[in-house]
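**Student:** Just coords-v7.cif, nothing more (mmCIF, C-alpha atoms):
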```cif
data_my_file
#
loop_
_atom_site.label_atom_id
_atom_site.label_comp_id
_atom_site.auth_asym_id
_atom_site.auth_seq_id
_atom_site.Cartn_x
_atom_site.Cartn_y
_atom_site.Cartn_z
CA MET A 165 92.86 99.03 82.07
CA THR A 166 91.61 100.55 85.32
CA ARG A 167 91.76 104.19 86.35
CA ALA A 168 93.86 103.16 89.38
CA LEU A 169 96.46 101.62 87.09
CA ARG A 170 96.70 104.76 84.98
CA LYS A 171 97.08 106.82 88.17
CA ALA A 172 99.80 104.43 89.34
CA ARG A 173 101.72 104.97 86.10
CA HIS A 174 101.44 108.75 86.34
CA GLY A 175 102.42 108.60 90.00
CA ALA A 176 105.49 106.48 89.20
CA VAL A 177 106.61 108.88 86.45
CA LEU A 178 106.16 111.89 88.75
CA THR A 179 108.16 110.11 91.46
CA PHE A 180 111.03 109.84 88.98
CA VAL A 181 110.62 113.57 88.21
CA LEU A 182 110.74 114.39 91.92
CA ALA A 183 113.87 112.28 92.45
CA GLY A 184 115.57 113.95 89.49
CA LEU A 185 114.62 117.37 90.86
CA MET A 186 116.11 116.70 94.30
CA CYS A 187 119.29 115.05 93.05
CA GLY A 188 119.69 117.70 90.33
CA THR A 189 119.26 120.49 92.86
CA PHE A 190 122.03 118.97 94.98
CA THR A 191 124.32 118.82 91.92
CA VAL A 192 123.47 122.32 90.67
CA ARG A 193 124.05 124.04 94.03
CA LEU A 194 127.11 122.04 95.09
CA PRO A 195 129.54 124.65 93.64
CA ALA A 196 127.81 127.38 95.67
CA LEU A 197 127.99 125.22 98.78
CA ALA A 198 131.68 124.55 98.20
CA ASP A 199 132.26 128.29 97.74
CA ARG A 200 130.41 129.14 100.96
CA LEU A 201 132.50 126.67 102.97
CA ARG A 202 135.64 127.49 100.92
CA LEU A 203 136.27 123.86 100.08
CA PRO A 204 139.01 122.65 97.70
CA GLU A 205 138.13 120.19 94.94
CA SER A 206 139.47 117.28 96.97
CA SER A 207 137.01 118.03 99.79
CA VAL A 208 134.12 118.27 97.32
CA GLY A 209 135.18 114.87 96.02
CA LEU A 210 135.07 113.43 99.54
CA ALA A 211 131.58 114.84 100.06
CA LEU A 212 130.43 113.23 96.81
CA LEU A 213 132.07 109.97 97.86
CA GLY A 214 130.06 110.10 101.10
CA TRP A 215 126.89 110.49 99.04
CA GLY A 216 127.75 107.54 96.83
CA VAL A 217 128.79 105.24 99.68
CA GLY A 218 125.59 106.11 101.56
CA ALA A 219 123.50 105.25 98.50
CA LEU A 220 125.33 101.95 97.98
CA LEU A 221 124.87 100.89 101.60
CA THR A 222 121.15 101.56 101.51
CA MET A 223 120.72 99.73 98.21
CA GLN A 224 122.17 96.59 99.75
CA ILE A 225 119.85 96.90 102.76
CA MET A 226 116.90 97.40 100.41
CA ARG A 227 117.20 93.76 99.32
CA VAL A 228 115.72 92.87 102.71
CA VAL A 229 113.57 95.93 103.39
CA LEU A 230 111.66 95.80 100.10
CA GLY A 231 110.73 92.18 100.72
CA ARG A 232 109.04 93.23 103.96
CA ALA A 233 107.76 96.79 103.44
CA GLY A 234 107.28 96.82 99.66
CA SER A 235 108.12 99.66 97.28
CA ARG A 236 105.06 101.70 98.28
CA GLY A 237 106.03 101.61 101.97
CA VAL A 238 109.67 102.44 101.19
CA LEU A 239 108.76 105.43 99.02
CA ARG A 240 106.27 106.76 101.54
CA ALA A 241 109.11 107.08 104.08
CA ALA A 242 112.18 107.59 101.90
CA VAL A 243 111.14 110.52 99.68
CA PRO A 244 110.28 112.88 102.58
CA LEU A 245 113.52 111.77 104.31
CA CYS A 246 115.39 112.58 101.11
CA ALA A 247 113.89 116.09 101.10
CA ALA A 248 114.76 116.57 104.78
CA SER A 249 118.36 115.41 104.32
CA LEU A 250 118.72 117.78 101.36
CA VAL A 251 117.91 120.64 103.76
CA LEU A 252 120.63 119.34 106.12
CA VAL A 253 123.10 119.57 103.22
CA ALA A 254 122.14 123.21 102.66
CA LEU A 255 122.46 124.05 106.36
CA ALA A 256 125.82 122.28 106.92
CA PRO A 257 128.09 124.82 108.70
CA THR A 258 131.38 122.89 108.38
CA PHE A 259 133.02 120.35 106.11
CA PRO A 260 132.55 117.38 108.52
CA ALA A 261 128.87 118.31 108.87
CA LEU A 262 128.61 118.47 105.07
CA VAL A 263 130.09 114.98 104.66
CA ALA A 264 127.65 113.61 107.25
CA ALA A 265 124.72 115.39 105.59
CA THR A 266 125.64 114.21 102.07
CA ALA A 267 126.01 110.64 103.39
CA LEU A 268 122.50 110.86 104.89
CA PHE A 269 121.18 112.33 101.65
CA GLY A 270 122.84 109.49 99.72
CA MET A 271 121.30 106.88 102.04
CA ALA A 272 117.82 108.37 101.64
CA PHE A 273 118.27 108.77 97.91
CA GLY A 274 119.46 105.16 97.56
CA ALA A 275 116.18 104.00 99.10
CA VAL A 276 114.21 106.31 96.79
CA ASP A 277 116.07 105.08 93.71
CA VAL A 278 115.47 101.40 94.43
CA GLY A 279 111.91 101.99 95.61
CA MET A 280 110.85 103.95 92.54
CA ASN A 281 112.40 101.41 90.16
CA ALA A 282 110.69 98.55 92.04
CA GLN A 283 107.38 100.43 91.86
CA GLY A 284 108.00 101.13 88.18
CA SER A 285 108.60 97.43 87.56
CA LEU A 286 105.37 96.58 89.38
CA VAL A 287 103.39 99.04 87.25
CA GLU A 288 105.10 97.81 84.09
CA ARG A 289 104.16 94.22 84.87
CA ALA A 290 100.59 95.31 85.60
CA TYR A 291 100.49 96.94 82.16
CA GLY A 292 102.01 93.85 80.54
CA ARG A 293 104.15 95.90 78.15
CA PRO A 294 107.37 97.98 78.32
CA ILE A 295 106.96 101.40 79.99
CA MET A 296 110.03 101.61 82.25
CA ILE A 297 112.19 103.63 79.84
CA GLY A 298 109.48 106.30 79.68
CA MET A 299 109.48 106.49 83.47
CA HIS A 300 113.22 107.19 83.40
CA ALA A 301 112.47 110.06 81.03
CA GLY A 302 110.81 111.59 84.08
CA TRP A 303 114.20 111.57 85.80
CA CYS A 304 115.67 113.60 82.90
CA VAL A 305 112.79 116.08 83.14
CA GLY A 306 113.42 116.50 86.88
CA ALA A 307 117.18 116.92 86.44
CA ILE A 308 116.76 119.46 83.64
CA SER A 309 114.14 121.31 85.72
CA ALA A 310 116.59 121.44 88.62
CA GLY A 311 119.13 123.13 86.37
CA LEU A 312 116.60 125.69 85.11
CA LEU A 313 115.29 126.39 88.62
CA GLY A 314 118.83 126.74 89.91
CA THR A 315 119.63 129.28 87.19
CA ALA A 316 116.43 131.18 88.03
CA ALA A 317 117.23 131.14 91.76
CA ILE A 318 120.69 132.53 91.12
CA ALA A 319 119.28 135.20 88.78
CA LEU A 320 116.71 136.22 91.41
CA GLY A 321 119.37 136.43 94.09
CA LEU A 322 117.92 133.65 96.26
CA SER A 323 120.34 132.29 98.80
CA LEU A 324 121.48 128.67 98.62
CA THR A 325 119.53 127.80 101.77
CA THR A 326 116.32 129.47 100.56
CA HIS A 327 116.48 127.75 97.19
CA ILE A 328 117.02 124.26 98.62
CA LEU A 329 114.44 124.82 101.35
CA LEU A 330 111.83 125.72 98.72
CA VAL A 331 112.61 122.56 96.73
CA ALA A 332 112.34 120.45 99.90
CA LEU A 333 109.04 122.11 100.94
CA ILE A 334 107.59 121.28 97.52
CA SER A 335 109.02 117.75 97.38
CA ALA A 336 107.91 116.39 100.78
CA PRO A 337 104.12 117.00 100.45
CA ALA A 338 104.23 116.07 96.76
CA ALA A 339 105.79 112.73 97.74
CA LEU A 340 103.05 112.01 100.28
CA ALA A 341 100.39 112.81 97.67
CA LEU A 342 102.06 110.58 95.09
CA SER A 343 102.33 107.69 97.55
CA ARG A 344 98.53 107.35 97.37
CA THR A 345 98.79 106.48 93.68
CA HIS A 346 101.39 103.71 94.09
CA LEU A 347 100.40 100.08 93.63
CA PRO A 348 100.65 97.84 96.69
CA ASP A 349 103.21 95.08 96.49
CA ARG A 350 102.45 91.45 97.16
CA ALA A 351 101.55 90.88 100.80
CA PRO A 352 104.56 89.84 102.92
CA GLU A 353 104.92 86.13 103.56
CA SER A 354 104.49 84.61 107.00
CA GLY A 355 107.58 83.45 108.86
CA ALA A 356 107.06 79.82 107.87
CA ALA A 357 106.46 80.74 104.24
CA ARG A 358 109.55 82.93 104.25
CA GLU A 359 111.65 80.06 105.57
CA SER A 360 110.34 77.59 103.01
CA GLY A 361 110.70 80.12 100.17
CA ARG A 362 114.28 81.11 100.96
CA ALA A 363 115.72 79.14 98.05
CA ARG A 364 113.20 80.66 95.67
CA ARG A 365 114.29 84.14 96.67
CA ARG A 366 117.95 83.52 95.89
CA LEU A 367 118.79 85.85 93.03
CA PRO A 368 119.38 84.06 89.72
CA GLY A 369 122.60 84.61 87.80
CA VAL A 370 120.89 86.75 85.17
CA VAL A 371 120.37 89.47 87.82
CA TYR A 372 124.13 89.81 88.20
CA LEU A 373 124.58 89.92 84.42
CA LEU A 374 121.99 92.70 84.30
CA GLY A 375 123.81 94.37 87.18
CA ALA A 376 127.03 94.25 85.15
CA ILE A 377 125.24 95.90 82.21
CA THR A 378 123.90 98.58 84.57
CA PHE A 379 127.42 99.02 86.00
CA ALA A 380 128.85 99.66 82.54
CA ALA A 381 126.03 102.03 81.50
CA PHE A 382 126.26 104.05 84.72
CA MET A 383 130.03 104.19 84.36
CA VAL A 384 129.65 105.74 80.91
CA GLU A 385 127.18 108.27 82.36
CA GLY A 386 129.62 109.07 85.19
CA VAL A 387 132.47 109.62 82.74
CA VAL A 388 130.36 112.13 80.79
CA ALA A 389 129.02 113.90 83.89
CA ASP A 390 132.40 114.37 85.59
CA TRP A 391 134.88 114.65 82.74
CA ASN A 392 133.21 116.07 79.64
CA GLY A 393 133.73 119.69 80.77
CA LEU A 394 137.42 119.18 81.51
CA TYR A 395 137.86 117.35 78.21
CA LEU A 396 136.24 120.17 76.24
CA LEU A 397 138.22 122.82 78.14
CA GLY A 398 141.63 121.18 78.46
CA THR A 399 141.88 118.96 75.38
CA LEU A 400 139.81 120.83 72.78
CA HIS A 401 140.45 124.30 74.30
CA ALA A 402 136.79 125.32 74.31
CA SER A 403 135.62 128.40 76.19
CA GLU A 404 134.07 127.88 79.62
CA ALA A 405 130.62 128.79 78.28
CA VAL A 406 130.84 126.25 75.45
CA ALA A 407 132.24 123.56 77.76
CA ALA A 408 129.23 124.04 80.04
CA LEU A 409 126.98 122.94 77.16
CA GLY A 410 128.36 119.39 77.10
CA TYR A 411 126.32 117.86 79.92
CA PRO A 412 122.96 119.52 79.06
CA VAL A 413 123.38 118.36 75.46
CA PHE A 414 124.08 114.83 76.73
CA GLU A 415 120.97 114.94 78.98
CA ALA A 416 118.89 116.20 76.04
CA GLY A 417 119.97 113.16 74.02
CA MET A 418 119.00 110.89 76.92
CA LEU A 419 115.58 112.52 77.23
CA VAL A 420 114.83 112.13 73.50
CA ALA A 421 115.83 108.45 73.58
CA ARG A 422 113.81 107.70 76.71
CA LEU A 423 110.67 109.32 75.36
CA GLY A 424 110.63 106.86 72.46
CA GLY A 425 112.58 103.98 73.98
CA ASP A 426 109.64 101.82 75.06
CA ARG A 427 108.22 101.75 71.53
CA LEU A 428 111.63 100.83 70.18
CA ARG A 429 111.97 98.06 72.75
CA GLY A 430 108.54 96.75 71.74
CA ARG A 431 109.71 96.45 68.13
CA LEU A 432 113.25 95.13 68.59
CA GLY A 433 113.07 93.36 71.95
CA ALA A 434 115.18 94.20 75.00
CA ARG A 435 118.02 91.82 74.17
CA ALA A 436 118.58 93.29 70.69
CA LEU A 437 118.13 96.88 71.83
CA ILE A 438 120.68 96.54 74.66
CA ALA A 439 123.21 95.09 72.20
CA ILE A 440 122.53 97.79 69.59
CA SER A 441 122.65 100.56 72.21
CA GLY A 442 125.96 99.29 73.55
CA GLY A 443 127.50 99.28 70.08
CA ALA A 444 126.07 102.74 69.35
CA THR A 445 127.48 104.04 72.65
CA ALA A 446 130.96 102.81 71.68
CA LEU A 447 130.77 104.43 68.23
CA ALA A 448 129.36 107.72 69.54
CA PHE A 449 132.01 108.00 72.26
CA LEU A 450 134.70 107.16 69.73
CA ALA A 451 133.45 110.10 67.66
CA VAL A 452 133.66 112.37 70.72
CA ILE A 453 137.28 111.51 71.55
CA ALA A 454 138.30 111.61 67.88
CA ALA A 455 136.57 114.95 67.25
CA PRO A 456 139.04 117.57 65.99
CA VAL A 457 136.87 120.55 67.00
CA THR A 458 134.62 121.45 69.92
CA ALA A 459 131.37 121.60 67.95
CA ALA A 460 131.81 118.02 66.74
CA ALA A 461 132.54 116.78 70.27
CA VAL A 462 129.47 118.53 71.73
CA ALA A 463 127.31 117.08 68.96
CA GLY A 464 128.82 113.67 69.69
CA LEU A 465 127.79 113.96 73.34
CA PHE A 466 124.17 114.27 72.21
CA PHE A 467 124.51 110.96 70.38
CA VAL A 468 126.23 109.35 73.37
CA GLY A 469 123.19 110.33 75.45
CA LEU A 470 120.88 109.03 72.74
CA ALA A 471 122.70 105.68 72.67
CA VAL A 472 123.23 105.00 76.38
CA ALA A 473 119.88 106.31 77.67
CA THR A 474 117.82 103.14 77.32
CA ILE A 475 120.37 100.63 78.66
CA SER A 476 120.05 101.03 82.44
CA PRO A 477 116.23 101.37 82.43
CA MET A 478 115.95 98.16 80.39
CA ALA A 479 118.42 96.32 82.62
CA LEU A 480 116.50 97.33 85.76
CA SER A 481 113.20 96.43 84.09
CA LEU A 482 114.51 92.97 83.23
CA ALA A 483 115.92 92.54 86.75
CA GLY A 484 112.42 93.26 88.06
CA THR A 485 111.02 90.36 86.04
CA ALA A 486 113.80 87.91 86.95
CA THR A 487 112.24 87.04 90.32
CA ALA A 488 108.74 86.92 91.77
CA GLU A 489 109.43 90.03 93.87
CA PRO A 490 111.10 92.79 91.83
CA GLY A 491 112.55 94.76 94.76
CA PRO A 492 115.56 92.64 95.84
CA ALA A 493 116.71 92.03 92.24
CA ILE A 494 116.41 95.72 91.37
CA ALA A 495 118.27 96.64 94.57
CA GLN A 496 121.15 94.37 93.57
CA ALA A 497 121.32 95.64 89.97
CA SER A 498 121.04 99.27 91.16
CA ALA A 499 123.85 98.82 93.68
CA MET A 500 126.11 97.41 90.99
CA GLY A 501 125.17 100.31 88.73
CA TYR A 502 126.00 102.94 91.34
CA ALA A 503 129.35 101.26 91.91
CA GLY A 504 130.08 102.00 88.25
CA LEU A 505 128.93 105.60 88.68
CA LEU A 506 131.45 106.01 91.51
CA LEU A 507 134.29 104.03 89.95
CA GLY A 508 134.15 105.55 86.45
CA PRO A 509 135.44 109.05 87.29
CA VAL A 510 138.20 107.58 89.51
CA VAL A 511 139.44 105.27 86.75
CA ILE A 512 139.48 108.13 84.26
CA GLY A 513 141.41 110.28 86.73
CA PHE A 514 144.15 107.68 87.19
CA LEU A 515 144.43 106.91 83.46
CA SER A 516 144.50 110.58 82.46
CA ALA A 517 147.34 111.17 84.93
CA ALA A 518 149.24 108.21 83.49
CA ALA A 519 148.58 108.99 79.82
CA SER A 520 146.11 111.64 78.62
CA LEU A 521 142.46 112.49 79.17
CA ARG A 522 141.61 111.72 75.54
CA LEU A 523 143.08 108.24 75.86
CA ALA A 524 141.50 107.70 79.29
CA MET A 525 138.02 108.49 77.98
CA GLY A 526 138.47 105.59 75.58
CA VAL A 527 137.39 103.44 78.54
CA ALA A 528 133.82 104.44 77.63
CA VAL A 529 134.28 102.97 74.15
CA VAL A 530 135.36 99.67 75.70
CA LEU A 531 132.36 99.76 78.04
CA GLY A 532 130.01 100.17 75.08
CA VAL A 533 131.48 97.06 73.47
CA VAL A 534 131.11 95.17 76.78
CA ILE A 535 127.43 96.18 76.99
CA ALA A 536 126.83 94.99 73.43
CA ALA A 537 128.46 91.62 74.17
CA ALA A 538 126.62 91.21 77.50
CA GLY A 539 123.30 91.99 75.82
CA ARG A 540 123.84 89.05 73.49
CA LEU A 541 124.47 86.79 76.49
CA LEU A 542 121.04 87.49 77.98
CA PRO A 543 118.78 84.44 77.69
CA ALA A 544 115.82 85.08 75.39
CA SER A 545 113.43 83.77 78.04
CA ARG A 546 114.46 86.59 80.40
CA THR A 547 113.89 89.49 78.02
CA GLU A 548 110.10 89.71 78.06
CA ILE A 549 107.75 91.46 80.48
CA VAL A 550 106.22 88.99 82.95
CA PRO A 551 102.69 90.34 83.49
CA LEU A 552 100.82 90.38 86.77
CA ARG A 553 97.77 88.21 86.99
CA ALA A 554 94.82 89.49 85.03
CA SER A 555 92.80 90.20 88.19
CA ALA A 556 95.31 92.87 89.17
CA ARG A 557 94.91 94.67 85.85
CA ASP A 558 91.22 94.37 85.23
CA GLY A 559 89.47 94.08 88.54
CA GLY A 560 90.98 96.83 90.66
CA GLY A 561 92.09 94.35 93.34
CA GLU A 562 95.52 93.95 94.85
CA PRO A 563 98.18 93.13 92.27
CA HIS A 564 99.69 89.67 92.67
CA LEU A 565 102.99 88.66 91.18
CA PRO A 566 103.34 85.21 89.66
CA LEU A 567 105.12 82.69 91.86
CA ALA A 568 107.89 82.20 89.32
CA ALA A 569 109.31 84.51 86.72
#
```
As structure tokens - that is how I would like this structure written.

**Tutor:**
Amino acid sequence: MTRALRKARHGAVLTFVLAGLMCGTFTVRLPALADRLRLPESSVGLALLGWGVGALLTMQIMRVVLGRAGSRGVLRAAVPLCAASLVLVALAPTFPALVAATALFGMAFGAVDVGMNAQGSLVERAYGRPIMIGMHAGWCVGAISAGLLGTAAIALGLSLTTHILLVALISAPAALALSRTHLPDRAPESGAARESGRARRRLPGVVYLLGAITFAAFMVEGVVADWNGLYLLGTLHASEAVAALGYPVFEAGMLVARLGGDRLRGRLGARALIAISGGATALAFLAVIAAPVTAAAVAGLFFVGLAVATISPMALSLAGTATAEPGPAIAQASAMGYAGLLLGPVVIGFLSAAASLRLAMGVAVVLGVVIAAAGRLLPASRTEIVPLRASARDGGGEPHLPLAA
């Protein structure tokens, strides 16, 4: 294993950390931004919708862009743009300006998300063994760090603009430094080769199955992120301080699972682990909505995080091995996943209005069962890491993907 490959792995993990830091900072300071502009909850929802739609649009475009520029080229441009658009969010003077800024931030972040997962897949295939789940642990570290830094900024009396500007000023140069560690993708094909290889680049059906698994996993994560606090407050009558613990406890469970997830995948295999994780997600969420007291529900959220954490990283990892070029397949699976992240909270809102929040959150139990069933449908031939050619791992040359996965 070459020194360059080890640097590429560290660089990929730190890129996930950086993305988690920027996205987490946006989430942590959104209440302060809404307070400054005196926005009602409905307006905040529209701003978040702009972010999500922007991310989805970019992810679809990335299917083409990654095939031409590669993940290294995308990240070199997208991460600094993400930092710059985060500053625009902080500086937005009016609600329309905020919606425009959050849409731009979502577009930049969508490119970062797909690019870092494509780069992670490339590094994973160069290693020849599962390491993608550990990279996603970097995202948890970044998101948790954003929360801690946000708390510190508030305690120190830093303004919203100053706090976000400091994060952006750290993130942009860090991104440029990290881009030097990223592995180069396969050289773009000539026009004639692109024309003759068009059929080969059509995404196989397994990519859409993996996208459906990512959709369900992200939907579960969205349900927890947006509704756990209201569930603890309104249904279980927890105090505001206790209700605020729900999401950090969930993230802690995700971090623990992702730190050891690659080793578990190596022992059980991706197909079995996705099925087991889906079933465990259903059982853990069932425990949360059946919990008679707050403490049991908060503890259950830790186990939901523990169960769901490995599903989307594994699905994206497998999508990256389903085609010769990982980028377009990962872009498709990521776009489907983000659709679930956006749709989940909306579905829960409608169902809770029609019935109750406790009953509505049962959707997450159903999603866990769906993930377990879909995991069993994955063909065994598509659940192994497809390594890069040995020359890319051992000789320090350009990595080359196999012509067929």

**Student:** The residues within 8 Å of (124.3, 98.0, 86.6), using all atoms listed in the file and the coordinates of the file, should be reported as an mmCIF file with C-alpha atoms, in the frame of the given file; which are they?

**Tutor:**
```
data_model
loop_
_atom_site.group_PDB
_atom_site.id
_atom_site.type_symbol
_atom_site.label_atom_id
_atom_site.label_comp_id
_atom_site.auth_asym_id
_atom_site.auth_seq_id
_atom_site.Cartn_x
_atom_site.Cartn_y
_atom_site.Cartn_z
ATOM 1 C CA LEU A 374 121.990 92.700 84.300
ATOM 2 C CA GLY A 375 123.810 94.370 87.180
ATOM 3 C CA ALA A 376 127.030 94.250 85.150
ATOM 4 C CA ILE A 377 125.240 95.900 82.210
ATOM 5 C CA THR A 378 123.900 98.580 84.570
ATOM 6 C CA PHE A 379 127.420 99.020 86.000
ATOM 7 C CA ALA A 380 128.850 99.660 82.540
ATOM 8 C CA ALA A 381 126.030 102.030 81.500
ATOM 9 C CA PHE A 382 126.260 104.050 84.720
ATOM 10 C CA SER A 476 120.050 101.030 82.440
ATOM 11 C CA ALA A 479 118.420 96.320 82.620
ATOM 12 C CA LEU A 480 116.500 97.330 85.760
ATOM 13 C CA ALA A 497 121.320 95.640 89.970
ATOM 14 C CA SER A 498 121.040 99.270 91.160
ATOM 15 C CA ALA A 499 123.850 98.820 93.680
ATOM 16 C CA MET A 500 126.110 97.410 90.990
ATOM 17 C CA GLY A 501 125.170 100.310 88.730
ATOM 18 C CA TYR A 502 126.000 102.940 91.340
ATOM 19 C CA GLY A 504 130.080 102.000 88.250
#
```

**Student:** Do a neighbour search on Phe273 (chain A) at 10 Å with all atoms listed in the file, toss out local chain neighbours closer than 3 positions, and write the hits as a tab-separated table (two decimals) with C-alpha atoms, in the coordinates of the input.

**Tutor:**
```tsv
chain	number	residue	atom	x	y	z
A	183	ALA	CA	113.87	112.28	92.45
A	186	MET	CA	116.11	116.70	94.30
A	187	CYS	CA	119.29	115.05	93.05
A	215	TRP	CA	126.89	110.49	99.04
A	216	GLY	CA	127.75	107.54	96.83
A	218	GLY	CA	125.59	106.11	101.56
A	219	ALA	CA	123.50	105.25	98.50
A	220	LEU	CA	125.33	101.95	97.98
A	222	THR	CA	121.15	101.56	101.51
A	223	MET	CA	120.72	99.73	98.21
A	242	ALA	CA	112.18	107.59	101.90
A	243	VAL	CA	111.14	110.52	99.68
A	245	LEU	CA	113.52	111.77	104.31
A	246	CYS	CA	115.39	112.58	101.11
A	247	ALA	CA	113.89	116.09	101.10
A	249	SER	CA	118.36	115.41	104.32
A	250	LEU	CA	118.72	117.78	101.36
A	267	ALA	CA	126.01	110.64	103.39
A	268	LEU	CA	122.50	110.86	104.89
A	269	PHE	CA	121.18	112.33	101.65
A	270	GLY	CA	122.84	109.49	99.72
A	276	VAL	CA	114.21	106.31	96.79
A	277	ASP	CA	116.07	105.08	93.71
A	278	VAL	CA	115.47	101.40	94.43
A	279	GLY	CA	111.91	101.99	95.61
```

**Student:** List, as number ranges by chain, every residue that the PyMOL selection byres ((chain A and resi 440-456) around 10) selects in the file provided.

**Tutor:** A: 377, 380-381, 384, 388, 392, 395-396, 399-400, 432, 434-439, 457-475, 521-540

**Student:** Using all atoms listed in the file, which residues sit within 12 Å of Leu313 (chain A) once same-chain residues fewer than 2 positions away are excluded, as a ChimeraX atom specification?

**Tutor:** /A:185-186,188-190,192-193,305-311,315-320,322,324,327-328,330-331

**Student:** Ranking A:Ala486, A:Leu203, A:Leu169, A:Leu342 by minimum distance to Gly237 (chain A) and counting all atoms listed in the file, which one comes first?

**Tutor:**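 Looking only at the distances to Gly237 (chain A), the closest residue turns out to be A:Leu342.
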
**Student:** With distances taken over all atoms listed in the file, which residue among A:Arg200, A:Arg366, A:His401, A:Lys171 lies nearest Ala341 (chain A)?

**Tutor:** A:Lys171

**Student:** If you measure from CA of Ala518 (chain A) to CA of Ala389 (chain A), what distance in Å do you get, rounded to one decimal?

**Tutor:**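 These two atoms are separated by 21.0 Å.
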
**Student:** Do you have the CA of Tyr291 (chain A)-CA of Thr166 (chain A) distance handy?

**Tutor:** 10.1 Å

**Student:** A:Ala407, A:Leu428, A:Met296, A:Ala241: which is nearest Val177 (chain A), counting all atoms listed in the file?

**Tutor:**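 Under the stated criterion, the closest residue is A:Met296.
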
**Student:** Could you write out as a VMD selection string the residues that the PyMOL selection byres ((chain A and resi 425) around 9) matches in the shown file?

**Tutor:** chain A and resid 295 to 298 420 to 424 426 to 430 473 to 474

**Student:** Would you write out, as a list in words, every residue that the PyMOL selection byres ((chain A and resi 282) around 7) captures in this file?

**Tutor:**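 Applied to this file, the PyMOL selection byres ((chain A and resi 282) around 7) selects Ser235, Val278, Gly279, Met280, Asn281, Gln283, Gly284, Ser285, Leu286, Gly484, Pro490, Gly491 and Ile494 of chain A.
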
**Student:** Identify the residues within 9 Å of coordinate (128.9, 118.3, 105.5) (same frame as the file), considering only C-alpha atoms, and give the answer as a CSV table (one decimal) with C-alpha atoms, keeping the file's coordinate frame.

**Tutor:**
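The result, stored in part21.csv:
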```
chain,number,residue,atom,x,y,z
A,211,ALA,CA,131.6,114.8,100.1
A,252,LEU,CA,120.6,119.3,106.1
A,253,VAL,CA,123.1,119.6,103.2
A,254,ALA,CA,122.1,123.2,102.7
A,255,LEU,CA,122.5,124.0,106.4
A,256,ALA,CA,125.8,122.3,106.9
A,257,PRO,CA,128.1,124.8,108.7
A,258,THR,CA,131.4,122.9,108.4
A,259,PHE,CA,133.0,120.4,106.1
A,260,PRO,CA,132.6,117.4,108.5
A,261,ALA,CA,128.9,118.3,108.9
A,262,LEU,CA,128.6,118.5,105.1
A,263,VAL,CA,130.1,115.0,104.7
A,264,ALA,CA,127.6,113.6,107.2
A,265,ALA,CA,124.7,115.4,105.6
A,266,THR,CA,125.6,114.2,102.1
A,267,ALA,CA,126.0,110.6,103.4
```

**Student:** Find the residue from A:Met478, A:Val287, A:Ala416, A:Val181 that sits nearest to His346 (chain A); use only C-alpha atoms when measuring.

**Tutor:**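 Once distances to His346 (chain A) are computed over only C-alpha atoms, the minimum belongs to A:Val287.
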
**Student:** Could you tell me how far CA of Pro195 (chain A) sits from CA of Glu404 (chain A), in Å to one decimal place?

**Tutor:**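 Result for CA of Glu404 (chain A) versus CA of Pro195 (chain A): 15.1 Å, one decimal.
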